[in-house]
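Chemist: Following this message is one structure expressed as structure tokens.
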Amino acid sequence: MSFDTHEVFNQPGPLGPINLFTCDASLREVVERFGAAWARPALTAYGALAGGELTEHGRLANRFPPELATHDAYGRRIDEVVFHPSYHALMSTAIAHGVHSLAWEGQPAGHTARAALELLHNQADSGTDCPLTMTYASIPSLRANRAVADEWIPRILSRRYDPANRPAAEKAGVTIGMAMTEKQGGTDVRANTTRATPQNEAVGGAECFELTGHKWFCSAPMSDAFLTLAQTAEGLSCFLLPRWRPDGSRNGFRLQRLKDKLGNRSNASSEVEFHNAFAWLLGEPGRGVPTIIEMVALTRFNCMVGSTAIMRQAMIQVIHHIRHREVSGKKLADQPLMRNVAADLLLETEAALWLVFRVAAALDAGGRDQEDAHLVRLATALGKYWICKRAPGHVNEAQECLGGLGYVEENVLPRLYREAPVNSIWEGSGNVQCLDMMRAVDRSPDVLQTFLAVLAEVRGRHREFDAALDALEAELAEPADPFTARIRAERMAVMLQARLLLEHVPEAVADAFLRTRLAPATLAYGGLRDPSVADWLLGRIEVP
């Protein structure tokens with residue numbers, strides 16, 4: 001007797017191993033356009049890993065999140081976080097391929113090439129991108145102390161991953177974490193109460209302190225050292241606090257608990273206390289925020305990359321599904337309304353991608369070109385605000401494209417949905433970015449003039465863009481009002497995206513972006529008017 005009741009049909013098969021770089025025409029184009037074509041072999045190799053074996057490691061690292069061990073079996077304090085082997089596989093592979101270091105290795109367009117690597121890695125797992133990001137972003141702040149930089153930067157740039165909990169002097173490669181905020185202050189880091197006591201000595205040629213206090217968030221607490229803030233006699237100052245003291249003894253670094261987070265579960269975030277913890281001063285005493293903000297600026301840029309990667313991976317899942325699922329005898333990919341929604345979602349990622357890589361190119365040129373330095377200053381705040389704000393709703397719409405399948409945990413979309421909010425919250429919420437935008441313009445009018453000049457480079461190509469630019473220029477000529485800062489930030493971000501699309505994509509696609517983002521007929525996705533635009537966008541991702 002047979003108990004079979006049905007056969008499975010009209011369902012897509014598993015999205016087997018794919019190359020996340022070669023399948024993404026838009027990513028290949030931005031890499032080429034912004035000078036990193038030399039990195040194509042490395043990106044092709046990592047695209048295969050990120051769309052292949054690292055995908056399963058990402059699933060497992062999130063399925064089995066890290067656990068805290070404060071003491072060993074004999075009652076000795078150890079303050080360690082235990083990770084699933086897949087976490088270490090993700091970290092080891094990423095570091096071996098330079099996801100943390102490529103920007104600093106001397107090649108042209110290094111930030112651009114590294115951003116592409118990071119975008120690929122994030123599609124396999126976003127949690128491990130946290131320690132990779134902070135390790136990458138720590139370099140400018142560490143350079144504020146030559147002795148510390150000489151000792152630590154070579155190990156940071158190493159492509160060897162060593163997760164062992166032992167002194168950094170015994171390791172070829174290290175990772176860096178960060179601990180800034182405290183319970184009573186949050187974003188207002190100047191309210192921090194952690195105290196730094198000078199030790200009246202120099203170890204390794206750098207001035208030494210001992211820190212006592214607590215931190216509400218410490219990212220990647222198994223890192224080898226942490227950038228942190230504490231109060232000195234001169235005011236809030238920046239420090240590098242190693243896990244182990246220079247004499248090889250354990251530092252006064254105590255893990256209190258791990259955060260039980262909505263997403264980003266493969267990565268550990270913790271509360272910590274410093275008990276007379278040894279640290280080196282970075283930069284001038286009392287200048288802690290300007291010193292650490294160089295690291296923060298790069299981590300904010302990486303939030304833009306991470307959100308773009310999440311949206312891009314969501315669309316890979318959508319395209320695969322709608323090309324195999326039928327409704328009323330037609331593939332979903334051939335249904336007009338589904339084509340409109342999917343293409344509009346792709347248009348969002350296209351605009352995000354060009355903005356991310358324009359900022360990456362500006363980072364590459366920022367040390368030589370003042371205008372690019374100005375663009376980095378403003379566009380990072382705008383991109384961090386807008387791209388990261390768009391990601392959660394974007395992923396939710398992608399889930400709708402899959403229906404119930406997009407809501408169950410066997411699919412990656414629920415994980416992407418939980419992951420999407422972290423980039424808008426971490427390293428300064430949306431309000432912080434809007435106020436930072438205002439601060440950048442107030443402190444340096446040249447920053448705003450550079451921004452407007454960049455927009456004006458495409459004046460005359462599109463009537464609606466020109467009219468919107470006229471209106472924006474008039475608006476920006478008026479004093480900024482914090483109460484309406486989000487309106488201004490959104491308008492500026494969308495105009496910058498539109499300007500980039502007018503230069504880099506077919507005119508009809510840029511026109512569709514302008515018509516659906518500047519004065520939309522609908523606030524939901526699916527507001528495109530031209531079916532040919534959908535044809536172009538749906539052809540940008542090549543999955544089976």
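Note on naming: chains are A, B, ... as they come in the structure tokens, residues start from 1 per chain, ligands start from 1 in the order shown.
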Do a neighbour search on region 17-22 of chain A at 6 Å with only C-alpha atoms, toss out local chain neighbours closer than 5 positions, and write the hits as a PyMOL selection string.
Modeler: chain A and resi 44+47-48+51-52
Chemist: Based on DSSP run over this structure's backbone, return all residues of region 49-293 of chain A in strand (DSSP E or B), as JSON, numbers by chain.
Modeler: {"A": [67, 68, 69, 70, 71, 77, 78, 79, 80, 81, 82, 176, 177, 178, 179, 195, 196, 197, 198, 199, 200, 201, 202, 203, 206, 207, 208, 209, 210, 211, 212, 213, 214, 215, 216, 217, 218, 219, 225, 226, 227, 228, 229, 230, 231, 232, 235, 236, 237, 238, 239, 240, 241, 242, 244, 250, 253, 254, 255, 256, 257, 258, 269, 270, 271, 272, 273, 274, 275, 276, 277, 278, 279, 280, 281, 282]}
Chemist: Write the residues of the selection above to a file with C-alpha atoms, as a JSON list (two decimals), in the first residue's frame.
Modeler:
```json
[["chain", "number", "residue", "atom", "x", "y", "z"],
["A", 67, "GLU", "CA", 28.33, 31.49, 24.19],
["A", 68, "LEU", "CA", 30.01, 33.24, 27.12],
["A", 69, "ALA", "CA", 32.36, 31.42, 29.48],
["A", 70, "THR", "CA", 33.37, 33.70, 32.35],
["A", 71, "HIS", "CA", 35.16, 30.95, 34.35],
["A", 77, "ARG", "CA", 38.27, 33.74, 35.51],
["A", 78, "ILE", "CA", 38.81, 33.30, 31.76],
["A", 79, "ASP", "CA", 36.37, 35.78, 30.11],
["A", 80, "GLU", "CA", 36.10, 33.98, 26.79],
["A", 81, "VAL", "CA", 33.46, 33.70, 24.11],
["A", 82, "VAL", "CA", 33.10, 30.29, 22.48],
["A", 176, "ILE", "CA", 40.41, 44.85, 16.75],
["A", 177, "GLY", "CA", 37.14, 45.60, 18.56],
["A", 178, "MET", "CA", 35.57, 48.76, 19.92],
["A", 179, "ALA", "CA", 33.88, 49.84, 23.17],
["A", 195, "ARG", "CA", 38.37, 56.88, 34.27],
["A", 196, "ALA", "CA", 41.91, 56.72, 32.94],
["A", 197, "THR", "CA", 44.78, 57.01, 35.40],
["A", 198, "PRO", "CA", 48.26, 57.82, 34.02],
["A", 199, "GLN", "CA", 51.01, 55.37, 34.95],
["A", 200, "ASN", "CA", 53.88, 57.81, 34.48],
["A", 201, "GLU", "CA", 55.70, 55.38, 32.24],
["A", 202, "ALA", "CA", 55.94, 54.41, 28.62],
["A", 203, "VAL", "CA", 55.69, 50.84, 27.42],
["A", 206, "ALA", "CA", 53.79, 54.93, 24.21],
["A", 207, "GLU", "CA", 52.21, 56.66, 27.20],
["A", 208, "CYS", "CA", 50.36, 54.21, 29.45],
["A", 209, "PHE", "CA", 47.17, 54.44, 31.52],
["A", 210, "GLU", "CA", 44.95, 52.18, 33.58],
["A", 211, "LEU", "CA", 41.21, 52.30, 32.90],
["A", 212, "THR", "CA", 38.38, 51.59, 35.34],
["A", 213, "GLY", "CA", 34.73, 51.67, 34.29],
["A", 214, "HIS", "CA", 32.11, 49.92, 32.22],
["A", 215, "LYS", "CA", 30.93, 49.80, 28.61],
["A", 216, "TRP", "CA", 27.33, 49.11, 27.60],
["A", 217, "PHE", "CA", 28.34, 47.79, 24.19],
["A", 218, "CYS", "CA", 31.64, 46.15, 23.33],
["A", 219, "SER", "CA", 31.66, 44.80, 19.80],
["A", 225, "ALA", "CA", 42.59, 44.88, 21.47],
["A", 226, "PHE", "CA", 39.87, 47.51, 21.64],
["A", 227, "LEU", "CA", 39.59, 51.17, 20.80],
["A", 228, "THR", "CA", 37.81, 52.79, 23.70],
["A", 229, "LEU", "CA", 37.15, 56.12, 25.40],
["A", 230, "ALA", "CA", 37.85, 57.23, 28.98],
["A", 231, "GLN", "CA", 38.12, 60.44, 30.96],
["A", 232, "THR", "CA", 41.55, 61.94, 31.71],
["A", 235, "GLY", "CA", 38.80, 65.35, 29.13],
["A", 236, "LEU", "CA", 37.55, 62.40, 27.11],
["A", 237, "SER", "CA", 40.47, 60.59, 25.50],
["A", 238, "CYS", "CA", 41.01, 57.64, 23.15],
["A", 239, "PHE", "CA", 42.90, 54.48, 24.07],
["A", 240, "LEU", "CA", 43.94, 51.10, 22.70],
["A", 241, "LEU", "CA", 43.21, 48.51, 25.38],
["A", 242, "PRO", "CA", 44.81, 45.09, 24.72],
["A", 244, "TRP", "CA", 46.68, 40.97, 27.52],
["A", 250, "ARG", "CA", 45.75, 39.00, 31.69],
["A", 253, "PHE", "CA", 39.00, 43.17, 30.93],
["A", 254, "ARG", "CA", 35.86, 41.48, 32.30],
["A", 255, "LEU", "CA", 32.94, 40.21, 30.23],
["A", 256, "GLN", "CA", 29.64, 40.74, 32.07],
["A", 257, "ARG", "CA", 27.18, 39.24, 29.59],
["A", 258, "LEU", "CA", 26.49, 38.82, 25.88],
["A", 269, "SER", "CA", 28.33, 41.82, 21.43],
["A", 270, "SER", "CA", 28.85, 42.26, 25.14],
["A", 271, "GLU", "CA", 28.84, 44.41, 28.23],
["A", 272, "VAL", "CA", 32.29, 44.75, 29.77],
["A", 273, "GLU", "CA", 34.00, 46.21, 32.79],
["A", 274, "PHE", "CA", 37.55, 47.53, 33.00],
["A", 275, "HIS", "CA", 39.35, 46.85, 36.29],
["A", 276, "ASN", "CA", 42.62, 48.81, 36.24],
["A", 277, "ALA", "CA", 42.94, 47.72, 32.64],
["A", 278, "PHE", "CA", 46.19, 48.64, 30.89],
["A", 279, "ALA", "CA", 45.83, 50.86, 27.79],
["A", 280, "TRP", "CA", 47.88, 53.08, 25.50],
["A", 281, "LEU", "CA", 46.82, 56.65, 24.80],
["A", 282, "LEU", "CA", 46.02, 57.39, 21.14]]
```
Chemist: Skip Thr380 (chain A) itself and residues of its chain fewer than 2 positions away, then list as a PyMOL selection string all residues within 12 Å of it, counting only C-alpha atoms.
Modeler: chain A and resi 296-305+355-360+362-363+372-378+382-388+427-428+433-434+436-437+440+451+489+492-493+496
Chemist: Using Å and a single decimal, report how far CA of Met180 (chain A) sits from CA of Gly98 (chain A).
Modeler: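 Result for CA of Gly98 (chain A) versus CA of Met180 (chain A): 26.1 Å, one decimal.
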Chemist: Show which residues sit within 8 Å of Ala124 (chain A), as a PyMOL selection string. Count only C-alpha atoms, and ignore same-chain residues fewer than 4 positions away.
Modeler: chain A and resi 50-51+54-58+120
Chemist: Write out as a list in words the residues lying within 8 Å of Arg418 (chain A), counting only C-alpha atoms and excluding same-chain residues fewer than 3 positions away.
Modeler: Leu262, Gly263, Asn264, Pro414, Arg415 and Pro421 of chain A
Chemist: Just write the chosen residues, all heavy atoms, as a JSON list (two decimals), in the first residue's frame.
Modeler:
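Saved file again_30.json follows:
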```json
[["chain", "number", "residue", "atom", "x", "y", "z"],
["A", 262, "LEU", "N", 18.46, 40.94, 18.17],
["A", 262, "LEU", "CA", 17.47, 40.59, 17.16],
["A", 262, "LEU", "C", 18.12, 39.82, 16.02],
["A", 262, "LEU", "O", 17.61, 38.79, 15.57],
["A", 262, "LEU", "CB", 16.83, 41.87, 16.62],
["A", 262, "LEU", "CG", 15.96, 41.74, 15.37],
["A", 262, "LEU", "CD1", 14.70, 40.95, 15.69],
["A", 262, "LEU", "CD2", 15.60, 43.12, 14.81],
["A", 263, "GLY", "N", 19.22, 40.31, 15.51],
["A", 263, "GLY", "CA", 19.96, 39.68, 14.42],
["A", 263, "GLY", "C", 21.43, 39.74, 14.71],
["A", 263, "GLY", "O", 21.85, 39.86, 15.86],
["A", 264, "ASN", "N", 22.26, 39.64, 13.65],
["A", 264, "ASN", "CA", 23.71, 39.70, 13.84],
["A", 264, "ASN", "C", 24.16, 38.67, 14.86],
["A", 264, "ASN", "O", 25.04, 38.91, 15.68],
["A", 264, "ASN", "CB", 24.10, 41.11, 14.27],
["A", 264, "ASN", "CG", 25.53, 41.47, 13.93],
["A", 264, "ASN", "OD1", 26.36, 41.66, 14.82],
["A", 264, "ASN", "ND2", 25.85, 41.55, 12.66],
["A", 414, "PRO", "N", 14.42, 35.39, 6.32],
["A", 414, "PRO", "CA", 14.19, 35.80, 7.70],
["A", 414, "PRO", "C", 15.47, 36.27, 8.41],
["A", 414, "PRO", "O", 15.43, 37.23, 9.19],
["A", 414, "PRO", "CB", 13.61, 34.55, 8.36],
["A", 414, "PRO", "CG", 12.91, 33.85, 7.24],
["A", 414, "PRO", "CD", 13.81, 34.06, 6.05],
["A", 415, "ARG", "N", 16.57, 35.60, 8.13],
["A", 415, "ARG", "CA", 17.84, 36.05, 8.74],
["A", 415, "ARG", "C", 18.24, 37.42, 8.20],
["A", 415, "ARG", "O", 18.69, 38.29, 8.95],
["A", 415, "ARG", "CB", 18.95, 35.03, 8.48],
["A", 415, "ARG", "CG", 20.34, 35.54, 8.85],
["A", 415, "ARG", "CD", 21.29, 34.42, 9.22],
["A", 415, "ARG", "NE", 21.53, 33.48, 8.17],
["A", 415, "ARG", "CZ", 22.58, 33.51, 7.34],
["A", 415, "ARG", "NH1", 23.46, 34.49, 7.42],
["A", 415, "ARG", "NH2", 22.74, 32.59, 6.42],
["A", 421, "PRO", "N", 18.12, 45.75, 10.28],
["A", 421, "PRO", "CA", 18.10, 46.98, 11.09],
["A", 421, "PRO", "C", 19.42, 47.36, 11.73],
["A", 421, "PRO", "O", 19.60, 48.51, 12.13],
["A", 421, "PRO", "CB", 17.05, 46.66, 12.18],
["A", 421, "PRO", "CG", 16.24, 45.52, 11.64],
["A", 421, "PRO", "CD", 17.19, 44.74, 10.79]]
```
